[in-house]
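Asker: Could you have a look at this structure, given as structure tokens, before my questions?
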Amino acid sequence: MTTDGAGNTLAPLPASILTQGPHLIVSIHTALDDEQLVRLQRDLLDRVGSQRCRGILIDVAALDVLDSFAARTLGNLAYMARLRGARTVVVGIAPDVAMALVRLAVHMPLVQTALDLEEGLQWLSA
Amino acid sequence: MLETGSVEALQHYARDLSERIIPRGVETHEVVGIVLLLRDVLARSLFEKYREDFDLLNRVLDAYEPAANRIANTVAVSFVEQRERVIRDQQDALLELSTPVLQVRERLLILPIIGVLDTARALQLTEQLLHGIRAHRAKLVVIDITGVPNVDEAVANSLVDTVTASRLMGADVIITGLSSDIAQTLVTIGVDLSKMHTVGDLQGGIEEAERQLGFRVSKVPDDH
């Protein structure tokens, strides 16, 4: 159990964070609410510093919804991670999710996207 | 049929009639004309039959006229409905046929668009393309719009959306075949396509895509 600043226990995030060489592989299992997204963002940024990561890969293949807040959070994460020296790639966006993001006019200009895990890792290693 | 007075039976009959005569190329005005003619002939025969008793004739006509009009109405509406159904079926078939997503090289798709592009079709096309990208694990897509007669602002913007959505799925898009007319229109209406990768024709687009994917196509020298 993790705790927040005030010492309250927080439920574990429905996402796993694995270390693969200099990269962090984040796999999101179910849709995250806003609080969880912010927690994930902070967690990842801490790790970029403490583990000296060069890249973050976020796998959203399991999600069938990605709302504008989530998209913006991922965009901000990519920007902040870059400021700390890590590149970010989001992989596994489903066709319907891509359509929805475009129709909602959500832009993630700083986020690199790739088809799947394999492609994303290739881009990070390049 | 006048006696039974069943509207369902009449509608069924009219639909059946329409289904039989539409393939033979009968025009709407002919069908309506025949029904109206029948109505008038029947009315004449009623006048003939009840000419002696004016009150009775009046009562018969009171019953006859709404029924006859209803028949004419039902037949005409069924005829038009049947025709609309045929048109709808054809539109569906056309929509299915008109947007093939084809793989020409490993991880390279082409999407040749032929015919008028409206926002509904652009949306359907984007959906098909995105599923194609996932199914073929495409890295590059060449969209050829040589066969699109004109592009307005809405269509240009939906093309931009198509490109953006494809990028989200990790595939880059090259657009080819922008005619000089379309290029002029786009500049005139002020649609910004500068972020999109465009190449003159389909051949050039495929060559560019092959280069990006690391293919080299060379001609085999003739032996004889």
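If you're wondering about the labels, chains in the structure tokens are A, B, ... by order shown, residues count from 1 in each chain, ligands from 1 in order shown.
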Near Leu24 (chain A), within 10 Å and counting only C-alpha atoms, which residues show up once chain neighbours fewer than 4 positions away are dropped, as a list in words?

Answerer: Ile17, Leu18, Thr19, Gln20, Leu44, Arg47, Val48, Gln51, Cys53, Arg54, Gly55, Ile56, Leu57, Ile58, Ala86 and Thr88 of chain A

Asker: Next, the residues of the selection above should be written as an mmCIF file, in the first residue's frame with N, CA and C atoms.

Answerer:
data_model
loop_
_atom_site.group_PDB
_atom_site.id
_atom_site.type_symbol
_atom_site.label_atom_id
_atom_site.label_comp_id
_atom_site.auth_asym_id
_atom_site.auth_seq_id
_atom_site.Cartn_x
_atom_site.Cartn_y
_atom_site.Cartn_z
ATOM 1 N N ILE A 17 4.355 -0.913 -13.518
ATOM 2 C CA ILE A 17 5.522 -0.177 -14.011
ATOM 3 C C ILE A 17 6.727 -1.105 -13.917
ATOM 4 N N LEU A 18 7.275 -1.442 -15.075
ATOM 5 C CA LEU A 18 8.417 -2.356 -15.116
ATOM 6 C C LEU A 18 9.641 -1.598 -15.599
ATOM 7 N N THR A 19 10.808 -2.045 -15.131
ATOM 8 C CA THR A 19 12.037 -1.434 -15.618
ATOM 9 C C THR A 19 12.680 -2.373 -16.624
ATOM 10 N N GLN A 20 12.968 -1.837 -17.777
ATOM 11 C CA GLN A 20 13.598 -2.645 -18.835
ATOM 12 C C GLN A 20 14.815 -1.851 -19.297
ATOM 13 N N LEU A 44 5.879 8.374 -12.033
ATOM 14 C CA LEU A 44 6.786 8.166 -13.159
ATOM 15 C C LEU A 44 7.893 9.220 -13.173
ATOM 16 N N ARG A 47 10.480 8.436 -10.679
ATOM 17 C CA ARG A 47 11.344 7.327 -11.104
ATOM 18 C C ARG A 47 12.331 7.737 -12.184
ATOM 19 N N VAL A 48 11.896 8.627 -13.082
ATOM 20 C CA VAL A 48 12.813 9.100 -14.120
ATOM 21 C C VAL A 48 14.065 9.681 -13.464
ATOM 22 N N GLN A 51 15.827 6.593 -11.084
ATOM 23 C CA GLN A 51 16.399 5.445 -11.798
ATOM 24 C C GLN A 51 17.174 5.866 -13.047
ATOM 25 N N CYS A 53 16.172 7.162 -15.936
ATOM 26 C CA CYS A 53 15.579 6.552 -17.129
ATOM 27 C C CYS A 53 15.818 7.415 -18.362
ATOM 28 N N ARG A 54 15.922 6.751 -19.496
ATOM 29 C CA ARG A 54 16.080 7.460 -20.764
ATOM 30 C C ARG A 54 14.764 7.478 -21.546
ATOM 31 N N GLY A 55 13.874 6.580 -21.184
ATOM 32 C CA GLY A 55 12.636 6.524 -21.960
ATOM 33 C C GLY A 55 11.474 5.960 -21.154
ATOM 34 N N ILE A 56 10.263 6.411 -21.482
ATOM 35 C CA ILE A 56 9.053 5.876 -20.856
ATOM 36 C C ILE A 56 8.148 5.355 -21.959
ATOM 37 N N LEU A 57 7.678 4.133 -21.793
ATOM 38 C CA LEU A 57 6.727 3.581 -22.753
ATOM 39 C C LEU A 57 5.418 3.329 -22.010
ATOM 40 N N ILE A 58 4.328 3.905 -22.508
ATOM 41 C CA ILE A 58 3.035 3.732 -21.858
ATOM 42 C C ILE A 58 2.125 2.932 -22.775
ATOM 43 N N ALA A 86 14.038 12.218 -20.392
ATOM 44 C CA ALA A 86 13.511 10.937 -20.865
ATOM 45 C C ALA A 86 12.497 11.171 -21.986
ATOM 46 N N THR A 88 9.164 9.927 -24.223
ATOM 47 C CA THR A 88 7.944 9.189 -23.908
ATOM 48 C C THR A 88 7.273 8.720 -25.193
#

Asker: Give me the residues of chain B that have any atom at most 8 Å from an atom of chain A; for each, the nearest atom pair and the distance in Å, rounded to one decimal. Use only C-alpha atoms, sort by chain and number, and format it as a tab-separated table.

Answerer:
residue	atom	partner	partner_atom	distance
B:Thr126	CA	A:Met99	CA	7.9
B:Glu127	CA	A:Pro95	CA	7.0
B:Leu130	CA	A:Pro95	CA	5.2
B:His131	CA	A:Pro95	CA	6.0
B:Arg134	CA	A:Leu115	CA	7.4
B:Arg137	CA	A:Leu115	CA	7.1
B:Asp161	CA	A:Val102	CA	6.0
B:Thr164	CA	A:Val102	CA	6.8
B:Ala165	CA	A:Ala98	CA	5.1
B:Ser166	CA	A:Ala98	CA	7.6
B:Arg167	CA	A:Thr113	CA	6.8
B:Leu168	CA	A:Thr113	CA	5.4
B:Met169	CA	A:Leu115	CA	5.1
B:Gly170	CA	A:Ala114	CA	3.8
B:Ala171	CA	A:Leu115	CA	7.4

Asker: Could you state the separation of CA of Ala122 (chain B) and CA of Ser158 (chain B) in Å, given to one decimal place?

Answerer: 6.4 Å

Asker: Going by DSSP on the backbone, which residues of chain A come out as strand (DSSP E)? List them as a PyMOL selection string.

Answerer: chain A and resi 2-3+9-10+15-20+23-28+55-59+87-91+112-114

Asker: Env of Asn157 (chain B): 9 Å cut, atoms = only C-alpha atoms, seq-sep filter 4 positions within chain, self excluded. Answer as a PyMOL selection string.

Answerer: chain B and resi 152-153+161-162+191-193

Asker: Now that the selection is made, can you save its residues with C-alpha atoms as a compact mmCIF listing (two decimals), in the first residue's frame?

Answerer:
# COMPACT_ATOMS: atom_id res chain seq x y z
CA ASP B 152 -14.07 21.52 -49.79
CA GLU B 153 -13.06 22.79 -46.39
CA ASP B 161 -8.24 14.22 -38.96
CA THR B 162 -7.53 10.97 -40.79
CA VAL B 191 -6.84 25.08 -45.32
CA ASP B 192 -3.43 24.44 -43.85
CA LEU B 193 -2.04 21.15 -45.14

Asker: Any chance you could list, as a count of residues only, the residues in region 116-166 of chain B that come up alpha helix (DSSP H) when DSSP is run on the backbone?

Answerer: 32

Asker: Residues at most 12 Å from Gly190 (chain B), counting only C-alpha atoms, excluding those fewer than 4 positions away in the same chain, as a ChimeraX atom specification?

Answerer: /B:152-154,156-157,182-186,194

Asker: Those residues with N, CA and C atoms, as a CSV table (one decimal), in the first residue's frame please?

Answerer:
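Saved file out.csv follows:
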chain,number,residue,atom,x,y,z
B,152,ASP,N,-13.7,20.3,-50.5
B,152,ASP,CA,-14.1,21.5,-49.8
B,152,ASP,C,-13.4,21.5,-48.4
B,153,GLU,N,-13.7,22.6,-47.7
B,153,GLU,CA,-13.1,22.8,-46.4
B,153,GLU,C,-13.3,21.6,-45.4
B,154,ALA,N,-14.6,21.2,-45.4
B,154,ALA,CA,-14.9,20.1,-44.4
B,154,ALA,C,-14.2,18.8,-44.7
B,156,ALA,N,-11.4,18.6,-46.5
B,156,ALA,CA,-9.9,18.8,-46.2
B,156,ALA,C,-9.6,18.6,-44.7
B,157,ASN,N,-10.5,19.1,-43.9
B,157,ASN,CA,-10.3,19.0,-42.4
B,157,ASN,C,-10.5,17.6,-42.0
B,182,ILE,N,-7.6,21.1,-57.0
B,182,ILE,CA,-7.8,21.0,-55.6
B,182,ILE,C,-6.7,21.8,-54.8
B,183,ALA,N,-5.5,21.8,-55.3
B,183,ALA,CA,-4.4,22.6,-54.7
B,183,ALA,C,-4.8,24.0,-54.6
B,184,GLN,N,-5.4,24.5,-55.8
B,184,GLN,CA,-5.8,25.9,-55.8
B,184,GLN,C,-6.9,26.2,-54.8
B,185,THR,N,-7.9,25.3,-54.8
B,185,THR,CA,-9.0,25.4,-53.9
B,185,THR,C,-8.5,25.5,-52.5
B,186,LEU,N,-7.6,24.6,-52.1
B,186,LEU,CA,-7.2,24.5,-50.7
B,186,LEU,C,-6.5,25.8,-50.3
B,194,SER,N,0.1,22.1,-44.5
B,194,SER,CA,1.6,22.1,-44.5
B,194,SER,C,2.2,21.0,-43.6

Asker: So that I can see what lies close to region 25-36 of chain B, please list as number ranges by chain the residues with an atom at most 10 Å from it, counting only C-alpha atoms and leaving out residues fewer than 2 positions away in the same chain.

Answerer: B: 18, 20-23, 38-42, 68-69, 71-73, 75-77, 79-80, 83

Asker: Do you have the CA of Glu210 (chain B)-CA of Arg107 (chain B) distance handy?

Answerer: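 Between CA of Glu210 (chain B) and CA of Arg107 (chain B) the gap works out to 9.9 Å.
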
Asker: One decimal, in Å: what's the spacing between CA of His12 (chain B) and CA of Asp62 (chain B)?

Answerer: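 According to the coordinates, CA of His12 (chain B) and CA of Asp62 (chain B) are separated by 25.0 Å.
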